[in-house]
Amino acid sequence: MKSYALFQKDFHSELRTRYAINSLAMFIIVAISVILFSIGNENISPGLTGGLFWVIIFFSAMSGLSRAFVSEEERGTSLTLQLIASPATVFTGKLLFNLILVFLMNIVITLLYSMLFAEFIIQNYLLFFLTFVFGNIGIAISSTLIAAIIAKAGSKGTLYPVLSFPILLPLILTSVKLTSFAIDGVPISEAFFELAIVLCYDIIMISASYMLFDFIWKD
Amino acid sequence: MIWKIFLFLLLCFVSIAGIAFPIVQSPTKWYEFPFILGLEQNAKIIFFHVPTSWLTVIAFLMSTIFSIQYLRKKNLDDDAKSYAAAQLGIIFCILATVTGSVWSKFAWGSFWSWDPRQTSIFALLLIYGAWFALRSAIESEDKRATLSAVYSIIAFLTVPFFIFIMPRIMTGLHPGSADDTNAGPIIDFKMNFSMQLIFFLSMIGFTILYFWMWNLGYKSIILKEKINRQLTRG
């Protein structure tokens with residue numbers, strides 16, 4: 001499958017240099033440290049830790065997910081990529097890569113976060129797991145699409161969070177709410193509406209991405 | 001020319017009526033408004049705040065529609081129309097945010113309280129701002145039009161969530177939120193007839209004003225592009 005081959009190409013080239021993985025890991029550690037230092041010895045409520053969790057996820061995603069397309073532009077290989085594969089295939093390959101990256105990144109963030117923040121105690125594990133899975137899929141989809149847009153623009157680094165934040169905002173608001181539900185131990189039957197919102201966001205975004213990627217990709 | 005004078009008179013009447021007509025307990029004359037439970041004196045903002053918010057959404061919708069047209073036909077005139085609509089949209093968005101926060105100071109005691117509807121108008125401001133930032137970061141005309149068209153479509157997918165869904169399901173202070181018992185969506189024709197009259201006149205006046213400004217805006221952009229092209233060609 002061509003898109004799987006594209007994913008493998010990105011995967012192997014990242015493993016070879018490990019530049020992106022290392023800087024992403026350092027960014028996660030730095031972000032968590034900054035928040036730990038700013039909180040100091042204060043007691044923060046469990047709901048607040050849920051919100052800060054998604055703040056760290058958002059900024060780590062902004063730091064690491066644009067590499068999928070920006071690296072192609074920087075290395076000069078994007079024209080080759082346009083020639084060898086249809087736009088949908090390219091998008092699927094990059095999306096696979098970003099999905100794996102988002103899940104790895106967020107598992108690391110969740111583990112570090114639960115170790116370092118004592119108040120981050122989850123009572124409803126299934127709800128948190130569902131939020132985690134659907135939320136990460138949504139972040140990966142939107143971030144990949146916006147990365148494709150900014151790869152062709154100037155000032156890529158600062159533009160990426162600016163463009164992504166309004167698109168990701170419904171997802172982040174609902175995920176923060178779901179995380180606070182999971183921390184408070186609310187049963188899934190009551191959180192059904194918010195879970196439906198996140199799932200609908202994923203479906204809407206993936207359909208829109210496939211339809212719009214053709215226009216972004218072709219010169 | 002005649003309709004411009006008519007529009008001017010209409011907007012003058014609406015502004016004066018909206019501010020000056022008194023709100024009394026039991027209206028006797030045609031120009032008096034009754035009390036609305038929960039809003040009382042500050043109900044008058046409805047004549048200015050609702051039209052500007054509605055026009056923000058309409059402007060954004062028009063910007064997206066012309067973006068779709070551009071993607072289909074690759075005619076740069078559609079890009080100019082989209083840009084003019086977005087310019088007006090951000091102006092009306094700022095106006096809606098300002099009128100809303102002035103009203104919230106009188107109704108809820110603070111200028112900004114992260115009520116769901118305040119959050120969503122702020123998100124709309126961010127979307128507009130990001131769209132303009134994207135446009136200024138691309139040099140080539142065609143690329144700029146294509147990428148900003150794509151972003152406009154993506155951003156428009158989140159707008160129904162922000163404007164129509166989120167403020168109605170979440171509990172908040174703004175009229176029409178999930179826990180609103182008395183004020184409710186007042187547009188539901190629970191208004192007194194004279195209030196309805198002024199309100200609909202205000203909506204019509206602001207909408208005509210918007211379309212007139214948009215017309216002027218996109219035509220001036222197209223002409224400016226034409227002149228630039230002729231000048232650079234020598």
# chains A, B, ... in the order shown; residues from 1 in each chain; ligands from 1
>>> select_by_dssp(residues="region 33-178 of chain A", states="alpha helix (DSSP H)", output="ChimeraX atom specification")
/A:33-39,46-64,67-75,78-84,87-116,125-151,156-178
>>> closest_atom_pairs(of="chain B", to="chain A", cutoff="12 Å", atoms="only C-alpha atoms", output="JSON lines")
{"residue": "B:Ser67", "atom": "CA", "partner": "A:Phe215", "partner_atom": "CA", "distance": 11.8}
{"residue": "B:Ile68", "atom": "CA", "partner": "A:Leu212", "partner_atom": "CA", "distance": 10.4}
{"residue": "B:Tyr70", "atom": "CA", "partner": "A:Phe215", "partner_atom": "CA", "distance": 11.0}
{"residue": "B:Leu71", "atom": "CA", "partner": "A:Phe215", "partner_atom": "CA", "distance": 7.5}
{"residue": "B:Arg72", "atom": "CA", "partner": "A:Phe215", "partner_atom": "CA", "distance": 9.9}
{"residue": "B:Lys74", "atom": "CA", "partner": "A:Phe215", "partner_atom": "CA", "distance": 11.0}
{"residue": "B:Pro116", "atom": "CA", "partner": "A:Leu173", "partner_atom": "CA", "distance": 10.4}
{"residue": "B:Thr119", "atom": "CA", "partner": "A:Leu169", "partner_atom": "CA", "distance": 10.2}
{"residue": "B:Ser120", "atom": "CA", "partner": "A:Pro170", "partner_atom": "CA", "distance": 9.5}
{"residue": "B:Ile121", "atom": "CA", "partner": "A:Pro166", "partner_atom": "CA", "distance": 11.3}
{"residue": "B:Phe122", "atom": "CA", "partner": "A:Pro166", "partner_atom": "CA", "distance": 9.6}
{"residue": "B:Ala123", "atom": "CA", "partner": "A:Pro166", "partner_atom": "CA", "distance": 6.1}
{"residue": "B:Leu124", "atom": "CA", "partner": "A:Pro166", "partner_atom": "CA", "distance": 7.8}
{"residue": "B:Leu125", "atom": "CA", "partner": "A:Pro166", "partner_atom": "CA", "distance": 9.1}
{"residue": "B:Leu126", "atom": "CA", "partner": "A:Pro166", "partner_atom": "CA", "distance": 6.2}
{"residue": "B:Ile127", "atom": "CA", "partner": "A:Pro166", "partner_atom": "CA", "distance": 5.6}
{"residue": "B:Tyr128", "atom": "CA", "partner": "A:Pro166", "partner_atom": "CA", "distance": 9.3}
{"residue": "B:Gly129", "atom": "CA", "partner": "A:Val162", "partner_atom": "CA", "distance": 8.5}
{"residue": "B:Ala130", "atom": "CA", "partner": "A:Leu163", "partner_atom": "CA", "distance": 5.3}
{"residue": "B:Trp131", "atom": "CA", "partner": "A:Leu163", "partner_atom": "CA", "distance": 7.5}
{"residue": "B:Phe132", "atom": "CA", "partner": "A:Leu163", "partner_atom": "CA", "distance": 10.1}
{"residue": "B:Ala133", "atom": "CA", "partner": "A:Leu159", "partner_atom": "CA", "distance": 7.4}
{"residue": "B:Leu134", "atom": "CA", "partner": "A:Leu159", "partner_atom": "CA", "distance": 7.1}
{"residue": "B:Arg135", "atom": "CA", "partner": "A:Ala153", "partner_atom": "CA", "distance": 8.8}
{"residue": "B:Ser136", "atom": "CA", "partner": "A:Gly154", "partner_atom": "CA", "distance": 8.9}
{"residue": "B:Ala137", "atom": "CA", "partner": "A:Gly154", "partner_atom": "CA", "distance": 5.1}
{"residue": "B:Ile138", "atom": "CA", "partner": "A:Ala153", "partner_atom": "CA", "distance": 5.1}
{"residue": "B:Glu139", "atom": "CA", "partner": "A:Ala153", "partner_atom": "CA", "distance": 8.1}
{"residue": "B:Ser140", "atom": "CA", "partner": "A:Ala153", "partner_atom": "CA", "distance": 9.5}
{"residue": "B:Glu141", "atom": "CA", "partner": "A:Ala153", "partner_atom": "CA", "distance": 11.8}
{"residue": "B:Asp142", "atom": "CA", "partner": "A:Asp219", "partner_atom": "CA", "distance": 9.4}
{"residue": "B:Lys143", "atom": "CA", "partner": "A:Asp219", "partner_atom": "CA", "distance": 8.0}
{"residue": "B:Arg144", "atom": "CA", "partner": "A:Ala153", "partner_atom": "CA", "distance": 8.4}
{"residue": "B:Ala145", "atom": "CA", "partner": "A:Ile216", "partner_atom": "CA", "distance": 10.7}
{"residue": "B:Thr146", "atom": "CA", "partner": "A:Phe215", "partner_atom": "CA", "distance": 7.1}
{"residue": "B:Leu147", "atom": "CA", "partner": "A:Ile216", "partner_atom": "CA", "distance": 6.3}
{"residue": "B:Ser148", "atom": "CA", "partner": "A:Ile149", "partner_atom": "CA", "distance": 8.8}
{"residue": "B:Ala149", "atom": "CA", "partner": "A:Phe215", "partner_atom": "CA", "distance": 9.4}
{"residue": "B:Val150", "atom": "CA", "partner": "A:Leu212", "partner_atom": "CA", "distance": 6.5}
{"residue": "B:Tyr151", "atom": "CA", "partner": "A:Ile149", "partner_atom": "CA", "distance": 7.9}
{"residue": "B:Ser152", "atom": "CA", "partner": "A:Ile167", "partner_atom": "CA", "distance": 10.6}
{"residue": "B:Ile153", "atom": "CA", "partner": "A:Leu212", "partner_atom": "CA", "distance": 8.6}
{"residue": "B:Ile154", "atom": "CA", "partner": "A:Ala208", "partner_atom": "CA", "distance": 7.1}
{"residue": "B:Ala155", "atom": "CA", "partner": "A:Ile167", "partner_atom": "CA", "distance": 6.1}
{"residue": "B:Phe156", "atom": "CA", "partner": "A:Ile167", "partner_atom": "CA", "distance": 9.2}
{"residue": "B:Leu157", "atom": "CA", "partner": "A:Ile204", "partner_atom": "CA", "distance": 8.0}
{"residue": "B:Thr158", "atom": "CA", "partner": "A:Ile167", "partner_atom": "CA", "distance": 6.7}
{"residue": "B:Val159", "atom": "CA", "partner": "A:Ile167", "partner_atom": "CA", "distance": 9.5}
{"residue": "B:Pro160", "atom": "CA", "partner": "A:Pro170", "partner_atom": "CA", "distance": 10.7}
{"residue": "B:Phe161", "atom": "CA", "partner": "A:Pro170", "partner_atom": "CA", "distance": 7.5}
{"residue": "B:Phe162", "atom": "CA", "partner": "A:Pro170", "partner_atom": "CA", "distance": 7.6}
{"residue": "B:Ile163", "atom": "CA", "partner": "A:Pro170", "partner_atom": "CA", "distance": 11.3}
{"residue": "B:Ile165", "atom": "CA", "partner": "A:Ile197", "partner_atom": "CA", "distance": 10.2}
{"residue": "B:Met166", "atom": "CA", "partner": "A:Pro170", "partner_atom": "CA", "distance": 8.8}
{"residue": "B:Pro167", "atom": "CA", "partner": "A:Pro170", "partner_atom": "CA", "distance": 11.9}
{"residue": "B:Ile169", "atom": "CA", "partner": "A:Phe193", "partner_atom": "CA", "distance": 9.8}
{"residue": "B:Met170", "atom": "CA", "partner": "A:Glu194", "partner_atom": "CA", "distance": 10.8}
>>> write_last_selection(atoms="C-alpha atoms", output="compact mmCIF listing (two decimals), in the first residue's frame")
# COMPACT_ATOMS: atom_id res chain seq x y z
CA SER B 67 -13.90 30.93 -1.22
CA ILE B 68 -15.71 27.84 -2.50
CA TYR B 70 -12.80 30.60 -6.09
CA LEU B 71 -11.73 27.00 -5.62
CA ARG B 72 -14.16 25.94 -8.32
CA LYS B 74 -10.05 30.10 -10.00
CA PRO B 116 -19.84 30.17 26.60
CA THR B 119 -15.91 32.43 24.52
CA SER B 120 -17.41 31.63 21.13
CA ILE B 121 -17.34 35.23 19.85
CA PHE B 122 -13.71 35.35 21.01
CA ALA B 123 -13.03 32.13 19.07
CA LEU B 124 -14.61 33.76 16.00
CA LEU B 125 -12.25 36.75 16.43
CA LEU B 126 -9.33 34.32 16.59
CA ILE B 127 -10.47 32.60 13.39
CA TYR B 128 -10.70 35.91 11.52
CA GLY B 129 -7.33 37.02 12.91
CA ALA B 130 -5.69 33.74 11.89
CA TRP B 131 -7.18 34.04 8.38
CA PHE B 132 -5.68 37.52 7.93
CA ALA B 133 -2.35 36.32 9.37
CA LEU B 134 -2.29 33.45 6.84
CA ARG B 135 -3.03 35.83 3.95
CA SER B 136 -0.20 38.15 4.92
CA ALA B 137 2.28 35.26 5.07
CA ILE B 138 1.95 34.16 1.43
CA GLU B 139 3.46 36.11 -1.43
CA SER B 140 2.05 34.54 -4.58
CA GLU B 141 -1.48 35.73 -5.40
CA ASP B 142 -2.90 32.39 -6.55
CA LYS B 143 -1.39 30.44 -3.67
CA ARG B 144 -2.66 33.03 -1.21
CA ALA B 145 -6.18 32.83 -2.58
CA THR B 146 -6.17 29.00 -2.62
CA LEU B 147 -4.78 28.50 0.86
CA SER B 148 -6.94 31.17 2.48
CA ALA B 149 -9.98 29.68 0.73
CA VAL B 150 -9.17 26.23 2.16
CA TYR B 151 -8.64 27.68 5.64
CA SER B 152 -11.88 29.63 5.43
CA ILE B 153 -13.78 26.42 4.65
CA ILE B 154 -12.12 24.50 7.49
CA ALA B 155 -12.77 27.33 9.94
CA PHE B 156 -16.39 27.57 8.85
CA LEU B 157 -16.92 23.96 9.90
CA THR B 158 -16.30 25.00 13.50
CA VAL B 159 -18.55 28.07 13.36
CA PRO B 160 -21.94 26.29 13.73
CA PHE B 161 -20.55 24.57 16.81
CA PHE B 162 -19.43 27.84 18.35
CA ILE B 163 -22.38 30.04 17.47
CA ILE B 165 -24.54 24.57 19.58
CA MET B 166 -22.10 25.38 22.35
CA PRO B 167 -23.82 28.38 23.95
CA ILE B 169 -26.02 23.36 25.67
CA MET B 170 -23.62 24.79 28.23
>>> atom_distance(atom1="CA of Leu96 (chain A)", atom2="CA of Gln8 (chain A)")
9.5 Å
>>> residues_around(residues="Phe69 (chain A)", least_positions_apart="6", cutoff="8 Å", atoms="only C-alpha atoms", output="list in words")
Lys94, Ala147, Ala148 and Ala151 of chain A
>>> write_last_selection(atoms="C-alpha atoms", output="PDB file, in the first residue's frame")
ATOM      1  CA  LYS A  94       1.292  11.761   6.620  1.00  0.00           C
ATOM      2  CA  ALA A 147       0.592  21.645   8.606  1.00  0.00           C
ATOM      3  CA  ALA A 148      -0.089  21.111   4.901  1.00  0.00           C
ATOM      4  CA  ALA A 151       4.112  24.325   4.644  1.00  0.00           C
TER       5      ALA A 151
END
>>> closest_residue(among="A:Leu104, A:Ala20, A:Leu48, A:Ile137", to="Ser71 (chain A)", atoms="only C-alpha atoms")
A:Ala20
>>> closest_residue(among="A:Tyr210, A:Phe91, A:Phe129, A:Tyr19", to="Leu178 (chain A)", atoms="only C-alpha atoms")
A:Phe129
>>> atom_distance(atom1="CA of Ile183 (chain A)", atom2="CA of Gln123 (chain A)")
5.3 Å
>>> closest_residue(among="A:Ile172, A:Ile122, A:Ala196, A:Ile139", to="Asp184 (chain A)", atoms="only C-alpha atoms")
A:Ile122
>>> atom_distance(atom1="CA of Asn215 (chain B)", atom2="CA of Gln196 (chain B)")
28.5 Å
>>> residues_around(residues="Val90 (chain A)", least_positions_apart="6", cutoff="9 Å", atoms="only C-alpha atoms", output="ChimeraX atom specification")
/A:2-3,6,81-82
>>> closest_residue(among="A:Ala85, A:Leu126, A:Val30, A:Val108", to="Phe59 (chain A)", atoms="only C-alpha atoms")
A:Val30
